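Asker: So that we are looking at the same thing, I have put the structure below in structure tokens.
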Amino acid sequence: MKKKTLQSDRLATPVIELRDVSKVYGAGETVVHAVRDLSFAVPAGGFWALMGPSGSGKSTVLHLVAGLTPPTSGHVHVDGLDIGEATDDETAALRCRTVGYVLQQSNLLPFLSAEANVGMPLTLDGTRSSVIRERVAAALEVVGMGHRARHTPSQLSGGEQQRVALARALVIKPAIVLADEPTGSLDRATGNAIMDLIQQINEDTGVTVLVVTHDPLLAACAHRVLHLIDGRLDQSIDIGEASRAAVQPHAAA
Amino acid sequence: MLSLLRQISLGQLSALRGRALLVIGGVAVGTTLIVAVDLVNRSVLDGFETRMREIAGPADLTVQLGIGEIGFPEELAEAVTDGDEVAAAVPMVRGTLEFLAAGESASGLILHLFGVDLVAEQALARYGTRLVTERREASEALIDIRSIFLSARVAADHALSVGDEIRVSSARGIVALTVRGLLEPQGFARAYGGDVAVMAIAAAQWLLDKEGRVDQIDVLLADDVDPAVAAARISGRLPETLRVSSPEIHLADYASVVSSFQAMLSALSLLCLVTGIYVIYNTTTTAAIQRTPTIAELRLLGASRGMLYRLMLAESFVLGALGSLLGAAVGVPLARLLAGTITGSMGVIFQLRFPFEHLAVDGARLAGLILAGVATAVFASAFAARRMSALDPLAQLRGGVDVVPSAPSSRRLVLWWAGLLAVSIVAFVLEDLYHSIAWGNFGSTLWNASVIVIATPTVAALASPVTRALSRFGGAAGRVAAASVFRAPARTGVTTAAIALILTIATILSSLVLSCRESLRSYFEGVLRADLTVSAVTTEGGWLETPLSRSVATELEAIEGVAAVETARGLSGQVYRNTRIGVLALSDGLFDARRVPDGWHRQGDPFEAQDALVGGRGTLLSESLSDRFDLNLGDVIELDSPRGVVDLDVVGVVPDYLSDRGSVILHRDVLSQWWSDESVNRLLVSVAPSADPAVVRGRILRELGPRYRLKVLELRDLLAYHTGLIDEAFAVMNSVQLLIVIVAIAGILDLLVSRIVERRRELGVWRLIGANRRMLRSSVVFEATTIGVIGVVLGLFTGLVTAWLWVRVHFRELLGYYVDFHFAGGAAAWYALLVLVMSLLAGHLAASGAVRQQLLEAIRDE
């Protein structure tokens with residue numbers, strides 16, 4: 001795994017900002033408070049990790065940032081867009097142009113080749129096919145999958161599928177990459193390789209990364225780790241502190 | 001959008017090939033029938049128009065009674081010509097002759113005979129034809145009454161030339177005629193496909209038993225005379241019952257005659273389209289469930305709701321276009337195939353010979369129908385597209401979503417159902433009150449919609465008892481099946497509604513056919529019963545045979561074993577208050593009150609009516625005529641006859657099926673006196689008690705056979721003849737019904753199988769906790785069968801009620817016949833069995849797939 005680079009202090013302009021955000025699902029007896037009064041701001045080029053036990057609201061935070069759901073209260077600003085006020089077309093455009101999303105499962109479309117999967121966000125955005133071809137090839141090269149461009153997901157291993165999913169997130173030249181346990185379904189070595197790749201991309205392109213993980217070792221790649229419990233921010237740990245506190249012992253283990 | 005269509009839709013539709021084909025098939029079947037029915041409808045009217053123009057030639061106006069079925073006194077021709085506005089008036093007699101091949105066997109050729117004034121030099125030229133043979137030979141026709149001119153085509157087909165003798169069957173019996181000339185295939189010699197013959201008018205009158213009468217007078221107007229003014233002037237010189245009108249008006253008359261049947265065909269093809277919509281709706285909804293992950297993924301990647309909605313509509317557009325083009329491609333040849341059947345059906349119903357000479361394909365109209373098919377596909381899939389595009393991608397990320405609509409509460413649905421029911425009943429009442437087919441179609445559509453709406457509450461209401469029953473009989477497998485069936489009542493409701501609709505449609509049509517059959521059976525076994533029924537072999541186009549001379553009755557009475565002969569003469573083209581009605585003239589014995597079955601008279605008493613009927617003062621009305629014109633016992637009906645208006649007392653109302661719009665039944669002396677008609681269509685022979693009907697039948701054929709082409713039927717053969725005709729009349733509807741059932745059953749099969757496919761993971765979990773394959777199979781089969789049984793029960797109930805409504809209310813307006821209701825229990829049971837077999841089959845298919853799948857694969861699925 002590559003050594004982390006602390007950049008957060010240098011990058012002050014927030015590209016993701018949550019202010020007093022709460023998210024409630026359901027009603028009455030089945031109400032679930034997924035996020036409560038959460039506030040934080042991720043600066044452009046930052047690499048932040050969200051940690052916490054199951055049900056702590058980590059994924060909900062990503063959903064809010066991706067514009068998949070509006071906050072129940074508070075404000076979520078992503079690259080200047082107020083998610084709570086945005087229309088469906090605006091949030092769709094956000095995902096097409098600004099936010100690349102990587103999930104635990106690669107979620108590739110099984111009937112399309114790797115290159116077609118990668119090019120899909122550009123196709124949705126109405127990009128010309130010559131541009132799509134060019135950018136897809138570049139994105140696949142970045143993740144080291146150029147030689148597997150014409151393979152369908154079923155012909156790829158889990159790690160390869162996740163690389164293709166990452167290329168799909170990068171192909172739009174996003175300002176932000178959201179990754180929800182991107183290594184959760186992979187073996188340790190493959191997971192490490194994927195995290196190295198994300199870290200490398202963050203360093204090389206300055207893209208902002210917000211990653212959800214259970215794995216402290218992976219969180220150690222980040223500049224800052226937000227620890228959530230029951231939807232609330234429990235700790236915001238600069239990774240220097242983290243290495244002194246919890247991360248290093250887990251990593252060593 | 002195009003690249004999305006190519007990448008996403010093409011990939012998905014390839015993976016869901018079966019469903020894509022089902023959508024294409026659903027659209028194709030609907031479009032095929034609509035195109036075929038529309039083409040036949042248009043072609044028939046086009047044929048009428050062509051024929052009328054060919055026959056009418058240059059005539060500006062035509063004088064006739066009603067639609068020209070029966071003639072009027074020939075002396076009226078003088079009154080027509082007696083005016084400056086008339087340049088020429090050409091009287092004409094029309095009828096049919098059966099051309100007999102060697103040995104006097106049937107040749108299958110019906111000659112359409114025109115009797116014209118051959119003395120007039122331009123008689124043939126006026127109708128756009130002329131002789132291709134020598135004039136000298138033709139002049140013999142003026143001397144020899146047994147002379148005939150044939151179209152050159154008929155002569156060529158039968159190797160005939162001038163001077164040859166031919167034999168024909170006519171009202172006068174079998175007659176030998178000499179060919180005196182051949183007509184070139186122009187003008188009216190091209191009508192009826194060229195099966196045309198011409199005789200001198202006097203000869204034709206004799207041969208057709210129409211002496212002293214003409215069927216029409218064609219009028220050529222002087223230059224610069226307004227036809228409308230001329231028509232009014234000519235009418236003023238004629239009895240008020242005769243019509244003076246242009247060929248266009250006559251065409252409109254025919255169009256109005258057949259419009260109800262065509263409306264019924266169109267309604268049926270629309271029904272098919274509605275079934276197509278339902279199939280497409282189900283299929284796209286089912287396919288949507290399988291496409292949920294893809295849609296969710298696209299939403300994650302930045303596809304907006306609108307974009308996905310448009311994408312799915314574009315897919316439907318493409319599938320709809322493929323289906324519609326396929327439908328149009330099949331519809332045109334199908335129209336050619338169905339033309340004979342449809343014109344046959346119409347002939348039976350309307351007692352007319354319907355022309356069909358070529359297919360009137362109109363490119364613009366065809367394109368319109370294809371577009372309608374595409375629009376239908378887009379409309380039907382819009383529901384699923386809307387739900388899919390509104391899909392919450394988070395729900396999918398959390399582990400799956402249900403794209404099937406959650407049902408409103410049962411209470412709300414029952415209220416909706418009650419509302420629909422109430423409105424449809426009001427519509428049926430309005431149809432009955434105002435004789436409006438439109439109200440009936442509206443009511444019928446709402447009624448069918450109510451079946452769909454009530455399905456879900458019915459399923460919900462059955463949950464508890466059926467769960468108990470399944471648990472008792474099926475143990476754990478039964479409980480699992482019940483849980484699956486009832487946990488989503490809306491889903492099960494959709495499937496059961498589909499089954500119920502199929503059974504409803506099948507029951508409606510089967511009950512219609514059965515009701516017609518049984519009503520006719522009671523008609524012919526009741527008032528018109530006879531040991532033997534004698535008639536001509538040929539018909540004028542419908543079921544009623546070509547008229548014979550009344551003298552045949554006298555000849556029959558002289559045959560040993562014949563106790564009595566009664567006669568029936570039916571005219572199905574008379575006009576009453578601008579509506580085409582039938583006139584049935586019967587001889588004395590057929591009014592004998594003792595032969596009338598109990599309850600036959602819906603109004604009046606047969607014993608009280610008998611004297612007035614035999615005395616020629618009274619008339620019976622068919623139920624349909626009485627209802628349609630609000631004429632009842634004690635009223636007076638004014639009938640148009642060639643000699644003026646006849647007033648008759650209404651002395652009873654009875655069932656009668658001579659004409660679709662109703663009929664009057666009167667004594668034959670009235671017909672003789674006012675219509676100057678002495679012909680008979682049927683002779684009802686009572687055999688002496690000591691005689692054997694079969695032996696008497698043989699005697700009749702032996703003694704009269706050499707002189708007449710006769711058909712002598714015993715009662716059971718007569719019933720078989722009419723049953724065959726009813727089957728012919730409903731043949732098209734049966735074909736349509738079959739197509740609807742096939743398409744819908746394919747849809748149901750798909751629905752049932754997909755229900756199980758969706759539960760792969762759940763079934764995997766069942767196996768994980770110890771269920772064996774046999775239990776899973778039983779559970780799946782139980783589930784499919786339970787849904788099938790609920791659908792069948794609902795379908796049989798709604799089918800029974802809907803069939804009653806159709807027969808007793810809607811059919812009366814659609815086709816006009818008032819028949820008694822008979823529920824086609826046998827056919828309904830057959831279709832119910834078919835649905836149950838399909839359900840079992842679907843269950844087994846799905847069960848095989850479910851138990852074959854690998855356990856880990858199943859629980860990893862999704």
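Labels for the structure tokens follow display order: chains A, B, ..., residues from 1 in each chain, ligands from 1.
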What are the residues of chain B lining chain A at 8 Å or less? Count only C-alpha atoms, and put the answer as a list in words.
Answerer: Met1, Ser3, Leu4, Gln7, Ile8, Gly11, Gln12, Ala15, Thr294, Glu297, Arg299, Leu300, Leu301, Gly302, Ala303, Ser304, Arg305, Gly306, Pro393 and Leu394 of chain B
Asker: Leaving out Gly159 of chain A and any residue of its chain fewer than 6 positions from it, which residues lie within 10 Å of it when counting only C-alpha atoms, given as a VMD selection string?
Answerer: chain A and resid 106 165 182 to 183 185 to 187 189 to 191 193 to 194
Asker: Taking 4 positions as the minimum chain separation for residues in the same chain, which residues sit within 7 Å of Leu221 of chain B when counting only C-alpha atoms? Answer as a PyMOL selection string.
Answerer: chain B and resi 60+85-88+225
Asker: Neighbours of Ser672 of chain B within 12 Å (only C-alpha atoms; same-chain residues fewer than 5 positions away dropped), as number ranges by chain?
Answerer: B: 72, 210, 550, 569, 585-587, 616, 641-643, 666-667, 677-680
Asker: Pull N, CA and C atoms from the residues just selected and write them as a PDB file, in the first residue's frame.
Answerer:
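Generated file (part-v2.pdb):
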```pdb
ATOM      1  N   PHE B  72     -92.608  -4.406 -58.213  1.00  0.00           N
ATOM      2  CA  PHE B  72     -93.849  -3.630 -58.143  1.00  0.00           C
ATOM      3  C   PHE B  72     -94.484  -3.688 -59.530  1.00  0.00           C
ATOM      4  N   LYS B 210     -92.334 -13.677 -61.643  1.00  0.00           N
ATOM      5  CA  LYS B 210     -92.606 -12.273 -61.329  1.00  0.00           C
ATOM      6  C   LYS B 210     -93.421 -11.637 -62.455  1.00  0.00           C
ATOM      7  N   ARG B 550     -95.606 -21.107 -56.421  1.00  0.00           N
ATOM      8  CA  ARG B 550     -96.564 -21.675 -55.462  1.00  0.00           C
ATOM      9  C   ARG B 550     -97.174 -22.972 -55.992  1.00  0.00           C
ATOM     10  N   ARG B 569     -93.237 -17.712 -47.043  1.00  0.00           N
ATOM     11  CA  ARG B 569     -92.518 -16.835 -47.962  1.00  0.00           C
ATOM     12  C   ARG B 569     -91.866 -15.729 -47.128  1.00  0.00           C
ATOM     13  N   ALA B 585     -94.670 -14.373 -44.786  1.00  0.00           N
ATOM     14  CA  ALA B 585     -96.067 -14.664 -45.135  1.00  0.00           C
ATOM     15  C   ALA B 585     -96.295 -16.168 -45.019  1.00  0.00           C
ATOM     16  N   LEU B 586     -97.297 -16.523 -44.204  1.00  0.00           N
ATOM     17  CA  LEU B 586     -97.549 -17.942 -43.934  1.00  0.00           C
ATOM     18  C   LEU B 586     -98.947 -18.317 -44.402  1.00  0.00           C
ATOM     19  N   SER B 587     -99.116 -19.579 -44.682  1.00  0.00           N
ATOM     20  CA  SER B 587    -100.446 -20.052 -45.081  1.00  0.00           C
ATOM     21  C   SER B 587    -101.272 -20.385 -43.841  1.00  0.00           C
ATOM     22  N   GLY B 616    -106.507 -11.953 -42.725  1.00  0.00           N
ATOM     23  CA  GLY B 616    -105.688 -10.930 -43.375  1.00  0.00           C
ATOM     24  C   GLY B 616    -105.820  -9.572 -42.739  1.00  0.00           C
ATOM     25  N   SER B 641     -96.074  -1.272 -49.244  1.00  0.00           N
ATOM     26  CA  SER B 641     -96.172  -2.347 -50.240  1.00  0.00           C
ATOM     27  C   SER B 641     -96.154  -1.701 -51.619  1.00  0.00           C
ATOM     28  N   PRO B 642     -95.943  -2.498 -52.661  1.00  0.00           N
ATOM     29  CA  PRO B 642     -95.916  -1.910 -54.004  1.00  0.00           C
ATOM     30  C   PRO B 642     -97.223  -1.213 -54.366  1.00  0.00           C
ATOM     31  N   ARG B 643     -98.291  -1.605 -53.729  1.00  0.00           N
ATOM     32  CA  ARG B 643     -99.584  -1.015 -54.075  1.00  0.00           C
ATOM     33  C   ARG B 643    -100.010   0.048 -53.070  1.00  0.00           C
ATOM     34  N   LEU B 666     -97.454 -12.259 -41.458  1.00  0.00           N
ATOM     35  CA  LEU B 666     -98.822 -12.017 -41.917  1.00  0.00           C
ATOM     36  C   LEU B 666     -99.288 -13.165 -42.812  1.00  0.00           C
ATOM     37  N   HIS B 667    -100.562 -13.101 -43.186  1.00  0.00           N
ATOM     38  CA  HIS B 667    -101.113 -14.183 -44.014  1.00  0.00           C
ATOM     39  C   HIS B 667    -100.644 -14.010 -45.448  1.00  0.00           C
ATOM     40  N   ASP B 677     -97.150 -11.075 -54.889  1.00  0.00           N
ATOM     41  CA  ASP B 677     -96.138 -12.130 -54.883  1.00  0.00           C
ATOM     42  C   ASP B 677     -96.786 -13.472 -54.561  1.00  0.00           C
ATOM     43  N   GLU B 678     -96.533 -14.444 -55.425  1.00  0.00           N
ATOM     44  CA  GLU B 678     -97.125 -15.767 -55.247  1.00  0.00           C
ATOM     45  C   GLU B 678     -96.066 -16.832 -54.978  1.00  0.00           C
ATOM     46  N   SER B 679     -94.831 -16.392 -54.815  1.00  0.00           N
ATOM     47  CA  SER B 679     -93.764 -17.385 -54.639  1.00  0.00           C
ATOM     48  C   SER B 679     -93.755 -17.928 -53.221  1.00  0.00           C
ATOM     49  N   VAL B 680     -93.020 -19.006 -53.052  1.00  0.00           N
ATOM     50  CA  VAL B 680     -92.812 -19.555 -51.709  1.00  0.00           C
ATOM     51  C   VAL B 680     -91.333 -19.901 -51.565  1.00  0.00           C
TER      52      VAL B 680
END
```
Asker: Can you pull out every residue within 6 Å of Val162 of chain B, counting only C-alpha atoms, but drop anything in the same chain fewer than 3 positions away, and send it as a short mmCIF file (atom, residue, chain, number, x, y, z; two decimals) with N, CA and C atoms, in the first residue's frame?
Answerer:
```cif
data_model
loop_
_atom_site.label_atom_id
_atom_site.label_comp_id
_atom_site.auth_asym_id
_atom_site.auth_seq_id
_atom_site.Cartn_x
_atom_site.Cartn_y
_atom_site.Cartn_z
N VAL B 179 -78.85 -20.46 -75.82
CA VAL B 179 -77.93 -19.32 -75.80
C VAL B 179 -78.06 -18.60 -77.13
N ARG B 180 -78.48 -17.31 -77.06
CA ARG B 180 -78.70 -16.55 -78.30
C ARG B 180 -77.61 -15.50 -78.52
N GLY B 181 -76.78 -15.30 -77.56
CA GLY B 181 -75.73 -14.30 -77.76
C GLY B 181 -74.81 -14.27 -76.55
#
```
Asker: Give me, as a PyMOL selection string, all polymer residues having an atom no more than 12 Å from Arg148 of chain A, counting only C-alpha atoms and skipping those fewer than 5 positions away in the same chain.
Answerer: chain A and resi 113-116+118+137+140-141+143+153-157+160-161+163-164
Asker: Within 8 Å of segment 432-449 of chain B, counting only C-alpha atoms, which residues show up once you throw out same-chain ones fewer than 6 positions away? Write them as an mmCIF file with N, CA and C atoms, in the first residue's frame, please.
Answerer:
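Resulting contents of part.cif:
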```
data_model
loop_
_atom_site.group_PDB
_atom_site.id
_atom_site.type_symbol
_atom_site.label_atom_id
_atom_site.label_comp_id
_atom_site.auth_asym_id
_atom_site.auth_seq_id
_atom_site.Cartn_x
_atom_site.Cartn_y
_atom_site.Cartn_z
ATOM 1 N N ALA B 267 -65.550 -4.326 -33.081
ATOM 2 C CA ALA B 267 -65.531 -4.433 -31.619
ATOM 3 C C ALA B 267 -64.724 -5.659 -31.203
ATOM 4 N N LEU B 420 -67.898 1.258 -11.104
ATOM 5 C CA LEU B 420 -67.825 0.819 -12.498
ATOM 6 C C LEU B 420 -69.060 0.017 -12.876
ATOM 7 N N LEU B 421 -69.449 -0.837 -11.935
ATOM 8 C CA LEU B 421 -70.619 -1.686 -12.171
ATOM 9 C C LEU B 421 -71.860 -0.823 -12.382
ATOM 10 N N VAL B 423 -72.048 2.310 -13.314
ATOM 11 C CA VAL B 423 -72.008 3.065 -14.578
ATOM 12 C C VAL B 423 -72.275 2.136 -15.762
ATOM 13 N N SER B 424 -71.700 0.928 -15.709
ATOM 14 C CA SER B 424 -71.911 0.019 -16.849
ATOM 15 C C SER B 424 -73.377 -0.407 -16.932
ATOM 16 N N ILE B 425 -74.002 -0.588 -15.769
ATOM 17 C CA ILE B 425 -75.431 -0.963 -15.798
ATOM 18 C C ILE B 425 -76.255 0.186 -16.379
ATOM 19 N N VAL B 426 -75.918 1.401 -15.971
ATOM 20 C CA VAL B 426 -76.620 2.569 -16.524
ATOM 21 C C VAL B 426 -76.431 2.612 -18.045
ATOM 22 N N LEU B 501 -60.764 -12.739 -17.499
ATOM 23 C CA LEU B 501 -61.131 -12.062 -18.754
ATOM 24 C C LEU B 501 -61.229 -13.052 -19.907
ATOM 25 N N ARG B 628 -88.185 -2.334 -30.834
ATOM 26 C CA ARG B 628 -87.457 -1.257 -31.516
ATOM 27 C C ARG B 628 -88.372 -0.087 -31.877
ATOM 28 N N THR B 802 -71.816 -11.651 -17.706
ATOM 29 C CA THR B 802 -71.515 -10.861 -18.905
ATOM 30 C C THR B 802 -72.196 -11.462 -20.128
ATOM 31 N N VAL B 809 -78.999 -7.929 -23.905
ATOM 32 C CA VAL B 809 -79.003 -6.473 -24.115
ATOM 33 C C VAL B 809 -78.144 -6.073 -25.323
ATOM 34 N N HIS B 810 -76.846 -6.377 -25.236
ATOM 35 C CA HIS B 810 -75.910 -5.820 -26.211
ATOM 36 C C HIS B 810 -76.084 -6.434 -27.605
ATOM 37 N N GLU B 813 -78.710 -5.087 -29.882
ATOM 38 C CA GLU B 813 -78.418 -3.860 -30.618
ATOM 39 C C GLU B 813 -77.345 -4.094 -31.669
ATOM 40 N N LEU B 814 -76.374 -4.935 -31.333
ATOM 41 C CA LEU B 814 -75.273 -5.166 -32.278
ATOM 42 C C LEU B 814 -75.780 -5.820 -33.557
#
```
Asker: Give me every alpha helix (DSSP H) residue in segment 37-171 of chain A, going by DSSP on the backbone, as number ranges by chain.
Answerer: A: 58-65, 88-97, 114-124, 129-142, 158-170
Asker: Name the residues of segment 64-229 of chain A that fall into strand (DSSP E) according to DSSP on the backbone, using the chain letters and numbers of this document, as a PyMOL selection string.
Answerer: chain A and resi 73-78+81-82+99-102+176-180+208-212+224-229
Asker: Kindly export the residues of the current selection with C-alpha atoms, as a PDB file, in the first residue's frame.
Answerer:
```pdb
ATOM      1  CA  SER A  73     -33.438  18.306   7.377  1.00  0.00           C
ATOM      2  CA  GLY A  74     -30.268  20.310   7.049  1.00  0.00           C
ATOM      3  CA  HIS A  75     -28.283  21.027   3.917  1.00  0.00           C
ATOM      4  CA  VAL A  76     -26.104  18.920   1.660  1.00  0.00           C
ATOM      5  CA  HIS A  77     -24.037  20.874  -0.834  1.00  0.00           C
ATOM      6  CA  VAL A  78     -22.087  18.973  -3.473  1.00  0.00           C
ATOM      7  CA  LEU A  81     -25.523  21.969  -5.726  1.00  0.00           C
ATOM      8  CA  ASP A  82     -27.992  21.973  -2.854  1.00  0.00           C
ATOM      9  CA  VAL A  99     -19.748  12.234  -8.919  1.00  0.00           C
ATOM     10  CA  GLY A 100     -18.363   8.803  -9.731  1.00  0.00           C
ATOM     11  CA  TYR A 101     -19.817   6.034  -7.601  1.00  0.00           C
ATOM     12  CA  VAL A 102     -18.205   2.687  -6.806  1.00  0.00           C
ATOM     13  CA  ILE A 176     -15.732  13.452  -6.479  1.00  0.00           C
ATOM     14  CA  VAL A 177     -15.468   9.664  -6.245  1.00  0.00           C
ATOM     15  CA  LEU A 178     -17.759   7.970  -3.751  1.00  0.00           C
ATOM     16  CA  ALA A 179     -16.825   4.417  -2.868  1.00  0.00           C
ATOM     17  CA  ASP A 180     -19.051   2.249  -0.700  1.00  0.00           C
ATOM     18  CA  THR A 208     -12.029  14.219  -3.992  1.00  0.00           C
ATOM     19  CA  VAL A 209     -12.622  10.761  -2.526  1.00  0.00           C
ATOM     20  CA  LEU A 210     -15.150   9.782   0.125  1.00  0.00           C
ATOM     21  CA  VAL A 211     -14.942   6.117   0.956  1.00  0.00           C
ATOM     22  CA  VAL A 212     -17.023   3.971   3.273  1.00  0.00           C
ATOM     23  CA  ARG A 224      -9.235  11.966   7.568  1.00  0.00           C
ATOM     24  CA  VAL A 225     -11.552   9.384   9.034  1.00  0.00           C
ATOM     25  CA  LEU A 226     -15.060  10.217  10.216  1.00  0.00           C
ATOM     26  CA  HIS A 227     -16.377   7.719  12.732  1.00  0.00           C
ATOM     27  CA  LEU A 228     -20.147   7.491  12.889  1.00  0.00           C
ATOM     28  CA  ILE A 229     -22.281   5.843  15.545  1.00  0.00           C
TER      29      ILE A 229
END
```
Asker: Could you work out how far atom CA of Glu181 of chain A lies from atom CA of Cys221 of chain A, giving the answer in Å with one decimal?
Answerer: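 That distance, rounded to one decimal, is 13.5 Å.
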